[in-house]
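Novice: This is the structure I want to talk about, given as structure tokens.
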Amino acid sequence: TQLLEQSPQFLSIQEGENLTVYCNSSSVFSSLQWYRQEPGEGPVLLVTVVTGGEVKKLKRLTFQFGDARKDSSLHITAAQPGDTGLYLCAGAPGNTPLVFGKGTRLSVIA
Amino acid sequence: GAGVSQSPSNKVTEKGKDVELRCDPISGHTALYWYRQSLGQGLEFLIYFQGNSAPDKSGLPSDRFSAERTGGSVSTLTIQRTQQEDSAVYLCASSLGGGGETQYFGPGTRLLVL
């Protein structure tokens, strides 16, 4: 069974601070996706990373895929209250469905 | 609509009753997934349908849970003899194909078993 471990589980920070959340596995994934889920809604895709070492930026969010395609990180610069939500990473093992991590619950306090 | 829809959005039932939850996937998506999300938790995989293949039921927690997908489109998740521990948000997602393709989620059905 391929598992994705996310850390930290919970994070509460003040508006304007920077943060990094991690997604780690002992397995190699062909790609990795990050989703954000806001209260009362379903998860929504933020980004897909495919190549080892790849870095993608989405405004204040920076996503990195590890060189060995086993881990990923999400860095948020100058967090805003609108960034509050559950951040889920999901790995694509190949021809089987995505494997989801348990998520990092972020709270940004104004 | 263009997205995944689920109904009802909220369901309150009494312990021991059966419930049916419905999911309408995005048109043309061949894969459909059901997940359960308990309060403050991540996603728990329940079942996966891909085209005409036999569904992957490996995540169903007990034989009280079943799901079907008719005509390769709409899916119904049925929980028989509901228990209080079944209270959760039930999320449906669809993707264009199977494998590791992007999943598009519905807003979920919030089930409360009293």
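Identifiers in the structure tokens: chain A, B, ... in order shown; residue index from 1 per chain; ligand index from 1 in order shown.
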Can you list every residue of chain A that has an atom at most 8 Å from chain B, with its nearest atom pair and the distance in Å to one decimal, using only C-alpha atoms, ordered by chain then number, as a Markdown table?
Specialist:
```
| residue | atom | partner | partner_atom | distance |
| --- | --- | --- | --- | --- |
| A:Ser31 | CA | B:Gly100 | CA | 7.8 |
| A:Gln33 | CA | B:Thr102 | CA | 7.8 |
| A:Gly40 | CA | B:Pro107 | CA | 7.0 |
| A:Glu41 | CA | B:Pro107 | CA | 4.7 |
| A:Gly42 | CA | B:Pro107 | CA | 4.7 |
| A:Pro43 | CA | B:Phe105 | CA | 6.1 |
| A:Val44 | CA | B:Tyr104 | CA | 7.0 |
| A:Leu45 | CA | B:Thr102 | CA | 7.4 |
| A:Leu88 | CA | B:Gly42 | CA | 7.8 |
| A:Gly91 | CA | B:Gly100 | CA | 7.4 |
| A:Ala92 | CA | B:Gly100 | CA | 4.4 |
| A:Pro93 | CA | B:Gly100 | CA | 6.9 |
| A:Gly94 | CA | B:Gly99 | CA | 6.2 |
| A:Asn95 | CA | B:Gly99 | CA | 4.1 |
| A:Thr96 | CA | B:Gly99 | CA | 4.2 |
| A:Pro97 | CA | B:Gly99 | CA | 4.5 |
| A:Leu98 | CA | B:Gly100 | CA | 5.0 |
| A:Phe100 | CA | B:Leu43 | CA | 7.0 |
| A:Gly101 | CA | B:Gly42 | CA | 7.2 |
| A:Lys102 | CA | B:Gly42 | CA | 4.3 |
| A:Gly103 | CA | B:Gly42 | CA | 5.7 |
```
Novice: So that I have them on file, write out the residues from the current selection with N, CA and C atoms, as an mmCIF file, in the first residue's frame.
Specialist:
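out-v9.cif, written as the output of this step:
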```cif
data_model
loop_
_atom_site.group_PDB
_atom_site.id
_atom_site.type_symbol
_atom_site.label_atom_id
_atom_site.label_comp_id
_atom_site.auth_asym_id
_atom_site.auth_seq_id
_atom_site.Cartn_x
_atom_site.Cartn_y
_atom_site.Cartn_z
ATOM 1 N N SER A 31 3.216 11.395 -10.847
ATOM 2 C CA SER A 31 2.893 12.810 -10.688
ATOM 3 C C SER A 31 2.302 13.011 -9.303
ATOM 4 N N GLN A 33 -0.357 15.744 -7.079
ATOM 5 C CA GLN A 33 -1.299 16.857 -7.142
ATOM 6 C C GLN A 33 -1.506 17.430 -5.746
ATOM 7 N N GLY A 40 -17.065 23.346 3.908
ATOM 8 C CA GLY A 40 -18.354 23.171 3.243
ATOM 9 C C GLY A 40 -18.274 22.862 1.765
ATOM 10 N N GLU A 41 -17.076 22.679 1.254
ATOM 11 C CA GLU A 41 -16.925 22.402 -0.177
ATOM 12 C C GLU A 41 -16.066 21.162 -0.392
ATOM 13 N N GLY A 42 -16.050 20.698 -1.643
ATOM 14 C CA GLY A 42 -15.164 19.601 -1.986
ATOM 15 C C GLY A 42 -13.775 20.124 -2.328
ATOM 16 N N PRO A 43 -12.763 19.257 -2.318
ATOM 17 C CA PRO A 43 -11.409 19.674 -2.675
ATOM 18 C C PRO A 43 -11.338 20.162 -4.124
ATOM 19 N N VAL A 44 -10.464 21.131 -4.349
ATOM 20 C CA VAL A 44 -10.261 21.689 -5.683
ATOM 21 C C VAL A 44 -8.781 21.612 -6.016
ATOM 22 N N LEU A 45 -8.480 21.178 -7.222
ATOM 23 C CA LEU A 45 -7.082 21.040 -7.638
ATOM 24 C C LEU A 45 -6.392 22.398 -7.687
ATOM 25 N N LEU A 88 -4.490 19.053 0.697
ATOM 26 C CA LEU A 88 -4.320 17.622 0.471
ATOM 27 C C LEU A 88 -3.341 17.383 -0.658
ATOM 28 N N GLY A 91 -0.941 11.448 -4.746
ATOM 29 C CA GLY A 91 0.044 10.901 -5.660
ATOM 30 C C GLY A 91 -0.589 9.973 -6.669
ATOM 31 N N ALA A 92 -0.062 10.013 -7.879
ATOM 32 C CA ALA A 92 -0.524 9.112 -8.935
ATOM 33 C C ALA A 92 0.491 7.986 -9.053
ATOM 34 N N PRO A 93 0.119 6.772 -8.607
ATOM 35 C CA PRO A 93 1.073 5.660 -8.637
ATOM 36 C C PRO A 93 1.320 5.121 -10.042
ATOM 37 N N GLY A 94 0.430 5.429 -10.959
ATOM 38 C CA GLY A 94 0.560 4.874 -12.306
ATOM 39 C C GLY A 94 -0.813 4.751 -12.906
ATOM 40 N N ASN A 95 -1.256 3.530 -13.092
ATOM 41 C CA ASN A 95 -2.573 3.326 -13.690
ATOM 42 C C ASN A 95 -3.670 3.098 -12.668
ATOM 43 N N THR A 96 -3.375 3.330 -11.421
ATOM 44 C CA THR A 96 -4.382 3.196 -10.375
ATOM 45 C C THR A 96 -4.756 4.579 -9.862
ATOM 46 N N PRO A 97 -5.901 4.670 -9.172
ATOM 47 C CA PRO A 97 -6.357 6.004 -8.752
ATOM 48 C C PRO A 97 -5.397 6.705 -7.796
ATOM 49 N N LEU A 98 -5.626 7.986 -7.654
ATOM 50 C CA LEU A 98 -4.821 8.806 -6.765
ATOM 51 C C LEU A 98 -4.837 8.272 -5.338
ATOM 52 N N PHE A 100 -4.447 9.698 -1.619
ATOM 53 C CA PHE A 100 -4.500 10.975 -0.909
ATOM 54 C C PHE A 100 -3.814 10.883 0.444
ATOM 55 N N GLY A 101 -3.104 11.971 0.804
ATOM 56 C CA GLY A 101 -2.641 12.118 2.167
ATOM 57 C C GLY A 101 -3.782 12.559 3.051
ATOM 58 N N LYS A 102 -3.544 12.611 4.356
ATOM 59 C CA LYS A 102 -4.605 12.970 5.304
ATOM 60 C C LYS A 102 -4.806 14.477 5.415
ATOM 61 N N GLY A 103 -3.874 15.242 4.857
ATOM 62 C CA GLY A 103 -4.079 16.680 4.784
ATOM 63 C C GLY A 103 -3.411 17.472 5.885
#
```
Novice: Find the residues near Glu17 in chain A: any atom within 9 Å, counting only C-alpha atoms, skip ones fewer than 6 places away on the same chain, and give them as a list in words.
Specialist: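 Everything that qualifies: Ile76, Thr77, Ala78, Ala79, Gln80 and Val108 of chain A.
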Novice: Please identify all polymer residues within 9 Å of range 71-87 of chain B, counting only C-alpha atoms, omitting same-chain residues fewer than 5 positions from it, and present them as a PDB file with C-alpha atoms, in the first residue's frame.
Specialist:
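selection-v3.pdb written:
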```
ATOM      1  CA  THR B  13     -31.664  10.196   9.689  1.00  0.00           C
ATOM      2  CA  GLU B  14     -32.355   7.963  12.631  1.00  0.00           C
ATOM      3  CA  LYS B  15     -30.130   5.087  13.587  1.00  0.00           C
ATOM      4  CA  GLY B  16     -31.182   1.927  11.791  1.00  0.00           C
ATOM      5  CA  LYS B  17     -32.685   3.628   8.742  1.00  0.00           C
ATOM      6  CA  ASP B  18     -31.342   3.218   5.206  1.00  0.00           C
ATOM      7  CA  VAL B  19     -30.083   6.203   3.225  1.00  0.00           C
ATOM      8  CA  GLU B  20     -29.284   6.771  -0.445  1.00  0.00           C
ATOM      9  CA  LEU B  21     -26.840   9.407  -1.599  1.00  0.00           C
ATOM     10  CA  ARG B  22     -26.692  10.454  -5.232  1.00  0.00           C
ATOM     11  CA  CYS B  23     -23.831  11.671  -7.407  1.00  0.00           C
ATOM     12  CA  ASP B  24     -24.043  13.156 -10.905  1.00  0.00           C
ATOM     13  CA  PRO B  25     -20.546  13.209 -12.400  1.00  0.00           C
ATOM     14  CA  ILE B  26     -19.241  15.518 -15.083  1.00  0.00           C
ATOM     15  CA  SER B  27     -20.566  14.424 -18.458  1.00  0.00           C
ATOM     16  CA  GLY B  28     -18.068  12.271 -20.318  1.00  0.00           C
ATOM     17  CA  HIS B  29     -16.058  11.328 -17.238  1.00  0.00           C
ATOM     18  CA  THR B  30     -15.546   7.588 -17.159  1.00  0.00           C
ATOM     19  CA  ALA B  31     -14.270   7.294 -13.601  1.00  0.00           C
ATOM     20  CA  LEU B  32     -16.258   7.969 -10.443  1.00  0.00           C
ATOM     21  CA  TRP B  34     -16.794   7.932  -3.402  1.00  0.00           C
ATOM     22  CA  SER B  38     -15.235  12.573   9.100  1.00  0.00           C
ATOM     23  CA  LEU B  39     -15.188  15.885  10.941  1.00  0.00           C
ATOM     24  CA  PHE B  49     -15.910   2.876 -10.790  1.00  0.00           C
ATOM     25  CA  GLN B  50     -14.032   2.946 -14.095  1.00  0.00           C
ATOM     26  CA  GLY B  51     -15.942   2.458 -17.306  1.00  0.00           C
ATOM     27  CA  ASN B  52     -17.409  -1.011 -17.596  1.00  0.00           C
ATOM     28  CA  ASP B  63     -21.417  -4.833   4.078  1.00  0.00           C
ATOM     29  CA  ARG B  64     -23.936  -2.166   5.070  1.00  0.00           C
ATOM     30  CA  PHE B  65     -22.350   0.028   2.412  1.00  0.00           C
ATOM     31  CA  SER B  66     -22.965  -0.503  -1.298  1.00  0.00           C
ATOM     32  CA  CYS B  92     -18.122  12.084  -4.834  1.00  0.00           C
ATOM     33  CA  ARG B 110     -23.476  15.855   5.056  1.00  0.00           C
ATOM     34  CA  LEU B 111     -25.002  12.854   6.793  1.00  0.00           C
ATOM     35  CA  LEU B 112     -26.020  12.989  10.424  1.00  0.00           C
ATOM     36  CA  VAL B 113     -27.280   9.821  12.081  1.00  0.00           C
ATOM     37  CA  LEU B 114     -29.124  10.465  15.322  1.00  0.00           C
TER      38      LEU B 114
END
```
Novice: Here is a test: counting only C-alpha atoms, which residue of A:Thr48, A:Pro8, A:Ile109, A:Thr62 is nearest to Tyr22 in chain A?
Specialist: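 Closest residue, counting only C-alpha atoms: A:Pro8.
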Novice: I want to know what sits within 8 Å of range 51-56 of chain A, based on only C-alpha atoms, with residues of the same chain fewer than 5 positions away left out; could you give that as a list in words?
Specialist: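 Surrounding residues, per the criterion: Ser31, Thr62, Phe63, Gln64, Phe65, Gly66, Asp67, Ala68 and Arg69 of chain A.
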Novice: Taking the DSSP secondary structure from the backbone, can you list the residues of chain B that are strand (DSSP E or B), as a VMD selection string?
Specialist: chain B and resid 5 to 7 10 to 13 19 to 24 31 to 37 44 to 50 56 65 to 69 75 to 79 88 to 95 104 to 105 109 to 113
